[in-house]
$ cat data_36.csv   # CSV, C-alpha atoms
chain,number,residue,atom,x,y,z
A,1,MET,CA,-14.9,-92.6,6.3
A,2,GLU,CA,-13.4,-89.3,7.4
A,3,LEU,CA,-16.6,-88.3,9.2
A,4,LYS,CA,-16.7,-91.7,11.0
A,5,ARG,CA,-13.1,-91.2,12.0
A,6,TYR,CA,-13.8,-87.8,13.6
A,7,VAL,CA,-16.9,-89.2,15.4
A,8,ALA,CA,-14.8,-92.0,16.8
A,9,LEU,CA,-12.1,-89.6,17.8
A,10,LEU,CA,-14.6,-87.4,19.7
A,11,GLN,CA,-16.1,-90.5,21.3
A,12,ARG,CA,-12.7,-91.6,22.4
A,13,SER,CA,-11.6,-88.2,23.7
A,14,TRP,CA,-14.9,-86.9,25.1
A,15,TRP,CA,-13.4,-86.4,28.5
A,16,ILE,CA,-11.1,-83.7,27.1
A,17,VAL,CA,-14.1,-81.7,25.7
A,18,ALA,CA,-16.0,-82.2,29.0
A,19,LEU,CA,-13.0,-81.1,31.1
A,20,VAL,CA,-12.3,-77.9,29.0
A,21,THR,CA,-16.0,-77.0,29.0
A,22,PHE,CA,-16.3,-77.5,32.8
A,23,VAL,CA,-13.2,-75.3,33.4
A,24,ALA,CA,-14.5,-72.6,31.1
A,25,MET,CA,-18.0,-72.5,32.8
A,26,ALA,CA,-16.5,-72.6,36.3
A,27,SER,CA,-14.2,-69.8,35.4
A,28,ALA,CA,-17.0,-67.7,34.0
A,29,TYR,CA,-19.1,-68.3,37.1
A,30,GLY,CA,-16.3,-67.4,39.4
A,31,ILE,CA,-15.4,-64.2,37.6
A,32,SER,CA,-19.1,-63.2,37.4
A,33,LYS,CA,-19.5,-63.7,41.1
A,34,ALA,CA,-16.3,-61.8,41.9
A,35,THR,CA,-17.4,-58.9,39.7
A,36,THR,CA,-19.1,-56.0,41.5
A,37,PRO,CA,-22.8,-55.9,40.4
A,38,ILE,CA,-24.0,-52.8,38.6
A,39,PHE,CA,-27.6,-51.6,38.9
A,40,ARG,CA,-29.5,-49.3,36.5
A,41,ALA,CA,-32.2,-46.8,37.5
A,42,THR,CA,-34.2,-45.2,34.7
A,43,THR,CA,-36.4,-42.1,34.6
A,44,THR,CA,-38.2,-40.7,31.6
A,45,LEU,CA,-38.6,-37.0,30.8
A,46,ALA,CA,-41.3,-35.6,28.5
A,47,ALA,CA,-40.9,-32.4,26.5
A,48,GLY,CA,-43.7,-30.2,25.2
A,49,ALA,CA,-43.8,-26.9,23.4
A,50,SER,CA,-46.4,-24.2,22.9
A,51,VAL,CA,-46.3,-21.6,20.1
A,52,GLY,CA,-46.4,-17.9,21.1
A,53,ALA,CA,-49.0,-15.4,19.9
A,54,SER,CA,-46.6,-14.1,17.3
A,55,GLY,CA,-46.6,-17.4,15.5
A,56,ASN,CA,-42.8,-17.7,16.0
A,57,ALA,CA,-42.4,-21.5,16.4
A,58,SER,CA,-38.6,-21.8,16.3
A,59,GLN,CA,-38.4,-23.6,19.7
A,60,TYR,CA,-41.3,-25.8,18.7
A,61,ILE,CA,-39.8,-26.8,15.4
A,62,ALA,CA,-36.4,-27.4,17.0
A,63,LEU,CA,-38.0,-29.6,19.5
A,64,THR,CA,-40.1,-31.7,17.1
A,65,THR,CA,-37.3,-32.1,14.6
A,66,GLY,CA,-35.0,-33.5,17.4
A,67,GLY,CA,-32.4,-30.8,17.5
A,68,LEU,CA,-33.5,-29.3,20.8
A,69,LEU,CA,-34.3,-32.7,22.3
A,70,SER,CA,-30.7,-33.9,21.5
A,71,GLN,CA,-29.4,-30.7,23.1
A,72,TYR,CA,-31.4,-31.5,26.2
A,73,ALA,CA,-30.0,-35.0,26.3
A,74,LYS,CA,-26.4,-33.7,26.2
A,75,ALA,CA,-27.2,-31.2,28.9
A,76,LEU,CA,-28.4,-34.0,31.2
A,77,THR,CA,-25.0,-35.7,30.9
A,78,THR,CA,-22.8,-32.6,31.6
A,79,ARG,CA,-20.3,-32.4,34.4
A,80,THR,CA,-21.9,-29.2,35.6
A,81,LEU,CA,-25.2,-30.9,36.2
A,82,ALA,CA,-23.5,-33.9,37.7
A,83,GLN,CA,-21.7,-31.6,40.2
A,84,GLN,CA,-25.1,-30.1,41.2
A,85,VAL,CA,-26.5,-33.6,41.8
A,86,SER,CA,-23.5,-34.6,43.8
A,87,GLU,CA,-23.8,-31.5,46.0
A,88,ALA,CA,-27.5,-31.8,46.4
A,89,LEU,CA,-27.3,-35.5,47.5
A,90,LYS,CA,-24.0,-35.0,49.4
A,91,LEU,CA,-22.4,-37.8,47.5
A,92,ASP,CA,-18.8,-38.7,48.2
A,93,MET,CA,-18.2,-39.0,44.4
A,94,PRO,CA,-16.3,-36.7,42.0
A,95,ALA,CA,-18.5,-35.0,39.4
A,96,GLN,CA,-16.5,-36.7,36.6
A,97,LYS,CA,-17.2,-40.2,38.0
A,98,LEU,CA,-20.9,-39.4,38.5
A,99,GLN,CA,-21.0,-38.0,34.9
A,100,SER,CA,-19.7,-41.4,33.6
A,101,GLU,CA,-22.6,-43.2,35.2
A,102,ILE,CA,-25.3,-41.1,33.4
A,103,LYS,CA,-26.7,-41.7,29.9
A,104,ALA,CA,-29.5,-39.8,28.2
A,105,VAL,CA,-31.2,-41.1,25.0
A,106,PRO,CA,-33.7,-38.8,23.2
A,107,THR,CA,-36.7,-40.2,21.3
A,108,THR,CA,-38.2,-37.7,18.7
A,109,GLN,CA,-41.3,-39.9,18.0
A,110,ASP,CA,-42.8,-39.2,21.4
A,111,LEU,CA,-40.6,-36.3,22.5
A,112,THR,CA,-39.1,-38.1,25.5
A,113,ILE,CA,-35.7,-38.5,27.0
A,114,ARG,CA,-34.7,-41.7,28.8
A,115,VAL,CA,-32.1,-41.1,31.5
A,116,ASP,CA,-30.2,-44.1,32.8
A,117,VAL,CA,-28.0,-44.1,35.8
A,118,GLU,CA,-25.7,-47.1,36.5
A,119,ASP,CA,-24.2,-47.5,39.9
A,120,LYS,CA,-23.1,-50.3,42.2
A,121,ASP,CA,-25.7,-49.1,44.8
A,122,PRO,CA,-29.3,-49.6,43.6
A,123,ASN,CA,-30.7,-46.9,46.0
A,124,ARG,CA,-28.1,-44.4,45.1
A,125,ALA,CA,-28.8,-45.0,41.4
A,126,ARG,CA,-32.4,-44.2,42.0
A,127,LEU,CA,-31.7,-41.1,44.0
A,128,ILE,CA,-29.2,-39.8,41.4
A,129,ALA,CA,-31.7,-40.4,38.5
A,130,ASN,CA,-34.6,-38.7,40.2
A,131,LYS,CA,-32.5,-35.7,41.5
A,132,LEU,CA,-31.0,-35.3,38.1
A,133,ALA,CA,-34.4,-35.1,36.5
A,134,ASP,CA,-35.8,-32.7,39.2
A,135,LEU,CA,-32.9,-30.3,38.8
A,136,PHE,CA,-33.1,-30.3,35.0
A,137,VAL,CA,-36.9,-29.8,35.0
A,138,LYS,CA,-36.4,-26.9,37.5
A,139,GLN,CA,-33.7,-25.4,35.3
A,140,LYS,CA,-35.9,-25.5,32.2
A,141,GLN,CA,-38.9,-24.1,34.1
A,142,GLU,CA,-36.8,-21.1,35.3
A,143,GLU,CA,-35.6,-20.5,31.7
A,144,ALA,CA,-39.2,-20.6,30.4
A,145,ASN,CA,-40.3,-18.1,33.1
A,146,LYS,CA,-37.5,-15.7,32.2
A,147,GLY,CA,-38.4,-15.9,28.6
A,148,ALA,CA,-42.0,-15.3,29.3
A,149,ALA,CA,-41.1,-12.3,31.5
A,150,VAL,CA,-39.1,-10.7,28.7
A,151,LEU,CA,-41.1,-11.6,25.6
A,152,GLY,CA,-44.5,-12.3,27.1
A,153,SER,CA,-47.0,-14.0,24.8
A,154,GLN,CA,-44.5,-13.5,21.9
A,155,HIS,CA,-42.4,-16.3,23.3
A,156,ASP,CA,-43.0,-19.9,22.4
A,157,THR,CA,-42.4,-22.0,25.5
A,158,VAL,CA,-40.8,-25.5,25.9
A,159,LEU,CA,-41.5,-27.3,29.1
A,160,VAL,CA,-39.9,-30.5,30.5
A,161,SER,CA,-41.6,-32.7,33.0
A,162,VAL,CA,-40.9,-36.0,34.7
A,163,LEU,CA,-43.0,-38.6,32.9
A,164,ASP,CA,-41.9,-41.7,34.8
A,165,PRO,CA,-39.7,-41.4,37.9
A,166,ALA,CA,-37.0,-43.9,38.7
A,167,PHE,CA,-37.4,-46.8,41.1
A,168,THR,CA,-34.9,-48.9,43.0
A,169,PRO,CA,-33.8,-51.7,40.5
A,170,PRO,CA,-34.3,-55.1,42.1
A,171,GLN,CA,-31.7,-56.9,40.0
A,172,PRO,CA,-28.3,-55.9,38.6
A,173,ILE,CA,-27.9,-55.5,34.9
A,174,LYS,CA,-24.3,-56.9,35.0
A,175,PRO,CA,-22.6,-59.2,35.4
A,176,LYS,CA,-25.1,-61.5,33.6
A,177,THR,CA,-24.0,-64.7,35.2
A,178,LYS,CA,-26.3,-67.1,33.4
A,179,ILE,CA,-25.4,-65.7,30.0
A,180,ASN,CA,-21.7,-65.6,30.8
A,181,VAL,CA,-21.7,-69.2,31.9
A,182,ALA,CA,-23.7,-70.3,28.9
A,183,ALA,CA,-21.4,-68.5,26.5
A,184,ALA,CA,-18.4,-70.0,28.3
A,185,GLY,CA,-19.9,-73.5,27.9
A,186,ILE,CA,-20.3,-73.0,24.2
A,187,LEU,CA,-16.8,-71.6,23.9
A,188,GLY,CA,-15.5,-74.5,26.0
A,189,ILE,CA,-17.1,-77.1,23.7
A,190,VAL,CA,-15.5,-75.5,20.6
A,191,LEU,CA,-12.1,-75.1,22.3
A,192,GLY,CA,-12.3,-78.7,23.6
A,193,VAL,CA,-13.0,-80.1,20.1
A,194,LEU,CA,-10.2,-78.0,18.6
A,195,ILE,CA,-7.8,-79.4,21.3
A,196,VAL,CA,-8.9,-83.0,20.5
A,197,PHE,CA,-8.3,-82.4,16.8
A,198,ALA,CA,-4.9,-80.7,17.5
A,199,LEU,CA,-3.7,-83.6,19.6
A,200,ASP,CA,-4.9,-86.0,16.9
A,201,TRP,CA,-3.0,-84.0,14.3
A,202,PHE,CA,0.3,-84.7,16.1
A,203,ASP,CA,-0.5,-88.3,17.0
A,204,ASP,CA,0.7,-90.7,14.3
A,205,THR,CA,-0.7,-93.8,16.1
A,206,VAL,CA,-2.7,-96.1,13.8
A,207,ARG,CA,-5.8,-97.3,15.6
A,208,GLY,CA,-7.5,-100.3,14.0
A,209,PRO,CA,-7.6,-101.8,10.5
A,210,GLY,CA,-10.1,-99.3,9.3
A,211,GLU,CA,-7.7,-96.4,9.9
A,212,ALA,CA,-4.9,-98.4,8.4
A,213,GLU,CA,-6.9,-98.9,5.2
A,214,ALA,CA,-7.6,-95.2,4.9
A,215,LEU,CA,-4.0,-94.2,5.5
A,216,LEU,CA,-2.4,-96.9,3.2
A,217,ASP,CA,-5.2,-96.8,0.6
A,218,THR,CA,-5.3,-100.6,0.6
A,219,ARG,CA,-7.6,-103.4,1.8
A,220,ILE,CA,-6.6,-105.3,5.0
A,221,LEU,CA,-6.9,-109.0,4.4
A,222,ALA,CA,-5.8,-110.2,7.8
A,223,ALA,CA,-4.4,-108.8,11.1
A,224,ILE,CA,-2.6,-110.5,14.0
A,225,PRO,CA,-4.4,-109.6,17.2
A,226,GLN,CA,-2.7,-108.9,20.5
A,227,VAL,CA,-2.0,-112.0,22.5
A,228,LYS,CA,-2.3,-112.0,26.3
A,229,THR,CA,0.7,-113.7,27.9
A,230,ARG,CA,0.7,-115.7,31.1
A,231,LYS,CA,2.0,-112.8,33.1
A,232,GLY,CA,-1.0,-110.7,32.1
A,233,ALA,CA,0.9,-108.5,29.6
A,234,TYR,CA,0.0,-108.0,25.9
A,235,ALA,CA,2.4,-108.8,23.2
A,236,GLU,CA,3.2,-106.1,20.7
A,237,PRO,CA,0.8,-106.2,17.8
A,238,ALA,CA,2.2,-107.1,14.5
A,239,ALA,CA,1.8,-104.8,11.5
A,240,PRO,CA,-1.3,-105.5,9.5
A,241,ALA,CA,-0.9,-107.5,6.4
A,242,GLY,CA,-2.6,-106.1,3.3
A,243,ALA,CA,-2.7,-106.3,-0.5
A,244,ALA,CA,-2.9,-103.4,-2.8
A,245,GLY,CA,-6.5,-102.7,-3.8
$ encode --input "data_36.csv" --output "structure tokens"
Amino acid sequence: MELKRYVALLQRSWWIVALVTFVAMASAYGISKATTPIFRATTTLAAGASVGASGNASQYIALTTGGLLSQYAKALTTRTLAQQVSEALKLDMPAQKLQSEIKAVPTTQDLTIRVDVEDKDPNRARLIANKLADLFVKQKQEEANKGAAVLGSQHDTVLVSVLDPAFTPPQPIKPKTKINVAAAGILGIVLGVLIVFALDWFDDTVRGPGEAEALLDTRILAAIPQVKTRKGAYAEPAAPAGAAG
């Protein structure tokens, strides 16, 4: 009986659920459209190591175990490198702001580093990602050359190269309008149902003999229906008559 009552309540107040859902979805759509889109450009760097003639493989071990790869990933997101990128591309952007747009994720399984640059301009995101990768590769090449010049064949070398350059992203990664609207729709339905139940909680009106039976724990034997008067108004309904079950 309680389930039937809730079903009847939702059928009677469906418009509240629909209105709340519509408002939530419309708000999510409006906010998403008003939000500045953010684009992500991704480039992938590959690292490799060769063991020197002396058999000293410290750099190789550090690379394959992930320590050196993680160090490289941190170096890619430093403010110093961000400043070099900003100067090379002549960006009107502080190094700290550019640094916040860069993320580097190392993967020890295949010795790669994925570099993501998120920016509101898709072309600028691509340029930053590629320039960042180029400067880092050049920096590591210079370090390897210096090590080879000092230690010669005794030096185990680690080289970094661009495995996959960034391209201009065609679509923004956020805001995700469709997902936001769908999530708002689900939230609106839940909120609308809760509002209906809350309004019913404060409403002490008895609607129909079935609800009266449930509230009074008695069986309704007869009820006086509303009578339409000549003026088109309805007379006040009498209280239902019942007998204890």
$ residues_around --input "data_36.csv" --residues "Ala24 (chain A)" --least-positions-apart "3" --cutoff "9 Å" --atoms "only C-alpha atoms" --output "PyMOL selection string"
chain A and resi 19-21+27-29+181+184-185+187-188
$ closest_residue --input "data_36.csv" --among "A:Gln83, A:Asn123, A:Thr112, A:Thr107" --to "Pro170 (chain A)" --atoms "all atoms listed in the file"
A:Asn123
$ closest_atom_pairs --input "data_36.csv" --of "region 104-140 of chain A" --to "region 35-41 of chain A" --cutoff "9 Å" --atoms "only C-alpha atoms" --output "JSON lines"
{"residue": "A:Val115", "atom": "CA", "partner": "A:Ala41", "partner_atom": "CA", "distance": 8.3}
{"residue": "A:Asp116", "atom": "CA", "partner": "A:Ala41", "partner_atom": "CA", "distance": 5.8}
{"residue": "A:Val117", "atom": "CA", "partner": "A:Ala41", "partner_atom": "CA", "distance": 5.3}
{"residue": "A:Glu118", "atom": "CA", "partner": "A:Arg40", "partner_atom": "CA", "distance": 4.4}
{"residue": "A:Asp119", "atom": "CA", "partner": "A:Phe39", "partner_atom": "CA", "distance": 5.4}
{"residue": "A:Lys120", "atom": "CA", "partner": "A:Ile38", "partner_atom": "CA", "distance": 4.5}
{"residue": "A:Asp121", "atom": "CA", "partner": "A:Phe39", "partner_atom": "CA", "distance": 6.7}
{"residue": "A:Pro122", "atom": "CA", "partner": "A:Phe39", "partner_atom": "CA", "distance": 5.4}
{"residue": "A:Asn123", "atom": "CA", "partner": "A:Ala41", "partner_atom": "CA", "distance": 8.6}
{"residue": "A:Arg124", "atom": "CA", "partner": "A:Ala41", "partner_atom": "CA", "distance": 9.0}
{"residue": "A:Ala125", "atom": "CA", "partner": "A:Ala41", "partner_atom": "CA", "distance": 5.5}
{"residue": "A:Arg126", "atom": "CA", "partner": "A:Ala41", "partner_atom": "CA", "distance": 5.2}
{"residue": "A:Leu127", "atom": "CA", "partner": "A:Ala41", "partner_atom": "CA", "distance": 8.7}
{"residue": "A:Ile128", "atom": "CA", "partner": "A:Ala41", "partner_atom": "CA", "distance": 8.6}
{"residue": "A:Ala129", "atom": "CA", "partner": "A:Ala41", "partner_atom": "CA", "distance": 6.5}
{"residue": "A:Asn130", "atom": "CA", "partner": "A:Ala41", "partner_atom": "CA", "distance": 8.9}
$ atom_distance --input "data_36.csv" --atom1 "CA of Pro169 (chain A)" --atom2 "CA of Leu69 (chain A)"
26.3 Å
$ atom_distance --input "data_36.csv" --atom1 "CA of Leu45 (chain A)" --atom2 "CA of Ile113 (chain A)"
5.0 Å
$ closest_residue --input "data_36.csv" --among "A:Leu76, A:Ala26, A:Leu9, A:Ala144" --to "Val158 (chain A)" --atoms "all atoms listed in the file"
A:Ala144
$ closest_residue --input "data_36.csv" --among "A:Leu163, A:Ala34, A:Ala47, A:Leu132" --to "Thr80 (chain A)" --atoms "only C-alpha atoms"
A:Leu132
$ residues_around --input "data_36.csv" --residues "Asp134 (chain A)" --least-positions-apart "6" --cutoff "10 Å" --atoms "only C-alpha atoms" --output "ChimeraX atom specification"
/A:45,85,128,160-162,165
$ closest_residue --input "data_36.csv" --among "A:Lys178, A:Ile173, A:Phe197, A:Arg5" --to "Met25 (chain A)" --atoms "all atoms listed in the file"
A:Lys178
$ atom_distance --input "data_36.csv" --atom1 "CA of Ala88 (chain A)" --atom2 "CA of Thr168 (chain A)"
18.9 Å
$ residues_around --input "data_36.csv" --residues "Leu81 (chain A)" --least-positions-apart "3" --cutoff "9 Å" --atoms "all atoms listed in the file" --output "MDAnalysis selection string"
chainID A and resid 75:78 84:86 95 99 132 135:136
